[in-house]
Amino acid sequence: MFTPCWAASPALLWPGGVRRAVFASSNGLGEATFAAAAARTSHPAKQGLVQTFSIYIDVLLICMATGLMMIVSGKYNVTDGADGYLVGNVPGVAPGANWVQEAIDTVVPGWGAGFVAVAVLLFGFACLLAYFYVANSNLLFLLNGKSGHGWKLALKLGTMAIVFIGSIANAKLIWAAGDIGLGLIAWVNLLCLALLFPTVRKIHADYERQRKLGINPTFEPEKLGIEGADFWTDSDDKESVRK
């Protein structure tokens with residue numbers, strides 16, 4: 001899942017673009033795990049490498065391109081922290097999507113507003129679908145095979161309520177809530193990554209070993225001493241992904 005750089009505060013808002021860098025990729029937050037887990041592949045390291053490459057597309061291609069649009073066109077401000085400007089190229093223009101709009105207008109006058117509106121709509125809708133998919137996946141895991149129609153209805157109604165509240169509430173409050181939520185997710189994900197590092201190292205080493213032998217890597221967790229990989233130990237599931 002890709003996140004537009006102008007969706008949150010611009011990179012210049014915090015020194016070094018810390019907030020934008022931390023929240024730039026769904027891989028770093030752990031959100032991409034659900035989409036990656038749905039992929040059918042013969043070895044988990046294959047999908048892991050795909051997810052790693054997606055960071056470059058998201059951060060270097062989309063986010064960097066957005067930042068360069070503003071820098072090259074000169075459509076940005078740098079505040080001095082005291083309601084003044086160190087650089088005031090677009091005084092009075094709120095930071096964020098407005099700067100991107102101004103940058104586009106320098107090349108194609110009159111197209112900035114329409115382009116940004118459509119892009120934000122598409123990115124927002126895609127993010128909404130992705131978050132609902134994540135929430136639904138978690139719910140199905142917690143239900144453990146049970147129907148849970150009531151819980152599924154509650155999830156749908158809750159999603160609609162969140163979208164409605166987010167569209168009418170104060171923007172600063174919504175961004176603050178989002179920063180807190182994503183920050184908490186990031187910390188949990190970093191802890192999980194640290195705990196899973198030995199397992200990931202085994203999986204990657206096994207993948208590289210099979211690649212050097214010139215064979216299509218297949219995952220057999222029992223041989224690596226990895227427990228709990230139920231999907232990979234079920235014979236029917238293993239045959240389906242190999243096909």
# chains A, B, ... in the order shown; residues from 1 in each chain; ligands from 1
$ residues_around --residues "A:Asn138" --least-positions-apart "2" --cutoff "12 Å" --atoms "only C-alpha atoms" --output "PDB file with N, CA, C and O atoms, in the first residue's frame"
ATOM      1  N   GLU A  31       1.819  -3.067   8.204  1.00  0.00           N
ATOM      2  CA  GLU A  31       0.518  -3.191   7.539  1.00  0.00           C
ATOM      3  C   GLU A  31       0.598  -4.080   6.306  1.00  0.00           C
ATOM      4  O   GLU A  31      -0.374  -4.736   5.936  1.00  0.00           O
ATOM      5  N   THR A  33       2.036  -6.754   5.914  1.00  0.00           N
ATOM      6  CA  THR A  33       2.121  -8.170   6.255  1.00  0.00           C
ATOM      7  C   THR A  33       0.910  -8.937   5.758  1.00  0.00           C
ATOM      8  O   THR A  33       1.020 -10.064   5.265  1.00  0.00           O
ATOM      9  N   PHE A  34      -0.269  -8.326   5.864  1.00  0.00           N
ATOM     10  CA  PHE A  34      -1.505  -9.031   5.530  1.00  0.00           C
ATOM     11  C   PHE A  34      -1.600  -9.293   4.030  1.00  0.00           C
ATOM     12  O   PHE A  34      -1.998 -10.374   3.598  1.00  0.00           O
ATOM     13  N   TYR A 131      -7.018  -0.821   4.929  1.00  0.00           N
ATOM     14  CA  TYR A 131      -7.211  -0.893   6.382  1.00  0.00           C
ATOM     15  C   TYR A 131      -8.395  -1.785   6.737  1.00  0.00           C
ATOM     16  O   TYR A 131      -8.371  -2.503   7.747  1.00  0.00           O
ATOM     17  N   PHE A 132      -9.442  -1.740   5.917  1.00  0.00           N
ATOM     18  CA  PHE A 132     -10.592  -2.625   6.183  1.00  0.00           C
ATOM     19  C   PHE A 132     -10.179  -4.082   6.000  1.00  0.00           C
ATOM     20  O   PHE A 132     -10.588  -4.957   6.767  1.00  0.00           O
ATOM     21  N   TYR A 133      -9.367  -4.342   4.974  1.00  0.00           N
ATOM     22  CA  TYR A 133      -8.883  -5.705   4.747  1.00  0.00           C
ATOM     23  C   TYR A 133      -8.052  -6.194   5.936  1.00  0.00           C
ATOM     24  O   TYR A 133      -8.192  -7.344   6.381  1.00  0.00           O
ATOM     25  N   VAL A 134      -7.204  -5.310   6.453  1.00  0.00           N
ATOM     26  CA  VAL A 134      -6.385  -5.665   7.612  1.00  0.00           C
ATOM     27  C   VAL A 134      -7.265  -5.964   8.819  1.00  0.00           C
ATOM     28  O   VAL A 134      -7.078  -6.965   9.524  1.00  0.00           O
ATOM     29  N   ALA A 135      -8.240  -5.074   9.079  1.00  0.00           N
ATOM     30  CA  ALA A 135      -9.127  -5.270  10.225  1.00  0.00           C
ATOM     31  C   ALA A 135      -9.944  -6.550  10.069  1.00  0.00           C
ATOM     32  O   ALA A 135     -10.126  -7.310  11.033  1.00  0.00           O
ATOM     33  N   ASN A 136     -10.430  -6.814   8.860  1.00  0.00           N
ATOM     34  CA  ASN A 136     -11.218  -8.019   8.615  1.00  0.00           C
ATOM     35  C   ASN A 136     -10.370  -9.272   8.781  1.00  0.00           C
ATOM     36  O   ASN A 136     -10.839 -10.282   9.329  1.00  0.00           O
ATOM     37  N   LEU A 140     -11.156 -12.281  11.428  1.00  0.00           N
ATOM     38  CA  LEU A 140     -11.286 -13.689  11.048  1.00  0.00           C
ATOM     39  C   LEU A 140     -10.333 -14.563  11.859  1.00  0.00           C
ATOM     40  O   LEU A 140     -10.676 -15.686  12.239  1.00  0.00           O
ATOM     41  N   PHE A 141      -9.143 -14.040  12.139  1.00  0.00           N
ATOM     42  CA  PHE A 141      -8.182 -14.792  12.953  1.00  0.00           C
ATOM     43  C   PHE A 141      -8.714 -14.969  14.375  1.00  0.00           C
ATOM     44  O   PHE A 141      -8.623 -16.059  14.959  1.00  0.00           O
ATOM     45  N   LEU A 142      -9.273 -13.898  14.937  1.00  0.00           N
ATOM     46  CA  LEU A 142      -9.801 -13.967  16.300  1.00  0.00           C
ATOM     47  C   LEU A 142     -11.021 -14.872  16.389  1.00  0.00           C
ATOM     48  O   LEU A 142     -11.236 -15.544  17.403  1.00  0.00           O
ATOM     49  N   LEU A 143     -11.837 -14.895  15.326  1.00  0.00           N
ATOM     50  CA  LEU A 143     -13.014 -15.762  15.319  1.00  0.00           C
ATOM     51  C   LEU A 143     -12.635 -17.234  15.179  1.00  0.00           C
ATOM     52  O   LEU A 143     -13.415 -18.116  15.544  1.00  0.00           O
ATOM     53  N   ASN A 144     -11.453 -17.493  14.606  1.00  0.00           N
ATOM     54  CA  ASN A 144     -10.919 -18.855  14.497  1.00  0.00           C
ATOM     55  C   ASN A 144     -11.911 -19.816  13.835  1.00  0.00           C
ATOM     56  O   ASN A 144     -12.220 -20.890  14.355  1.00  0.00           O
ATOM     57  N   GLY A 145     -12.424 -19.425  12.675  1.00  0.00           N
ATOM     58  CA  GLY A 145     -13.304 -20.306  11.922  1.00  0.00           C
ATOM     59  C   GLY A 145     -14.776 -20.147  12.220  1.00  0.00           C
ATOM     60  O   GLY A 145     -15.617 -20.712  11.516  1.00  0.00           O
ATOM     61  N   TRP A 151     -20.136  -9.727  14.628  1.00  0.00           N
ATOM     62  CA  TRP A 151     -18.859  -9.011  14.689  1.00  0.00           C
ATOM     63  C   TRP A 151     -18.499  -8.405  13.335  1.00  0.00           C
ATOM     64  O   TRP A 151     -17.975  -7.293  13.257  1.00  0.00           O
ATOM     65  N   LYS A 152     -18.784  -9.132  12.265  1.00  0.00           N
ATOM     66  CA  LYS A 152     -18.487  -8.616  10.923  1.00  0.00           C
ATOM     67  C   LYS A 152     -19.339  -7.392  10.606  1.00  0.00           C
ATOM     68  O   LYS A 152     -18.856  -6.413  10.018  1.00  0.00           O
ATOM     69  N   LEU A 155     -17.949  -4.475  12.486  1.00  0.00           N
ATOM     70  CA  LEU A 155     -16.746  -3.952  11.834  1.00  0.00           C
ATOM     71  C   LEU A 155     -17.119  -3.032  10.669  1.00  0.00           C
ATOM     72  O   LEU A 155     -16.536  -1.950  10.508  1.00  0.00           O
TER      73      LEU A 155
END
$ select_by_dssp --residues "stretch 53-228 of chain A" --states "strand (DSSP E)" --output "ChimeraX atom specification"
/A:77-79,85-88
$ atom_distance --atom1 "atom CA of A:Ala97" --atom2 "atom CA of A:Ala130"
21.8 Å
$ closest_residue --among "A:Pro44, A:Ile168, A:Val90, A:Gly148" --to "A:Val78" --atoms "only C-alpha atoms"
A:Val90
$ atom_distance --atom1 "atom CA of A:Lys212" --atom2 "atom CA of A:Thr199"
20.3 Å
$ residues_around --residues "A:Val93" --least-positions-apart "5" --cutoff "9 Å" --atoms "only C-alpha atoms" --output "ChimeraX atom specification"
/A:76-77,98-99
$ write_last_selection --atoms "N, CA, C and O atoms" --output "PDB file, in the first residue's frame"
ATOM      1  N   TYR A  76       7.516  26.018  -1.722  1.00  0.00           N
ATOM      2  CA  TYR A  76       7.551  25.536  -0.341  1.00  0.00           C
ATOM      3  C   TYR A  76       7.971  26.690   0.567  1.00  0.00           C
ATOM      4  O   TYR A  76       8.503  27.706   0.106  1.00  0.00           O
ATOM      5  N   ASN A  77       7.715  26.517   1.841  1.00  0.00           N
ATOM      6  CA  ASN A  77       8.140  27.476   2.859  1.00  0.00           C
ATOM      7  C   ASN A  77       8.987  26.761   3.901  1.00  0.00           C
ATOM      8  O   ASN A  77       8.862  25.549   4.093  1.00  0.00           O
ATOM      9  N   ASN A  98      -1.429  21.578  -0.798  1.00  0.00           N
ATOM     10  CA  ASN A  98      -1.454  22.879  -1.479  1.00  0.00           C
ATOM     11  C   ASN A  98      -0.117  23.191  -2.150  1.00  0.00           C
ATOM     12  O   ASN A  98      -0.077  23.832  -3.208  1.00  0.00           O
ATOM     13  N   TRP A  99       0.974  22.794  -1.520  1.00  0.00           N
ATOM     14  CA  TRP A  99       2.293  23.023  -2.124  1.00  0.00           C
ATOM     15  C   TRP A  99       2.447  22.205  -3.402  1.00  0.00           C
ATOM     16  O   TRP A  99       3.001  22.683  -4.390  1.00  0.00           O
TER      17      TRP A  99
END
$ residues_around --residues "A:Gln51" --least-positions-apart "2" --cutoff "12 Å" --atoms "only C-alpha atoms" --output "PyMOL selection string"
chain A and resi 1-2+25-28+30-37+39+44-49+53-58
$ atom_distance --atom1 "atom CA of A:Val163" --atom2 "atom CA of A:Cys127"
11.5 Å
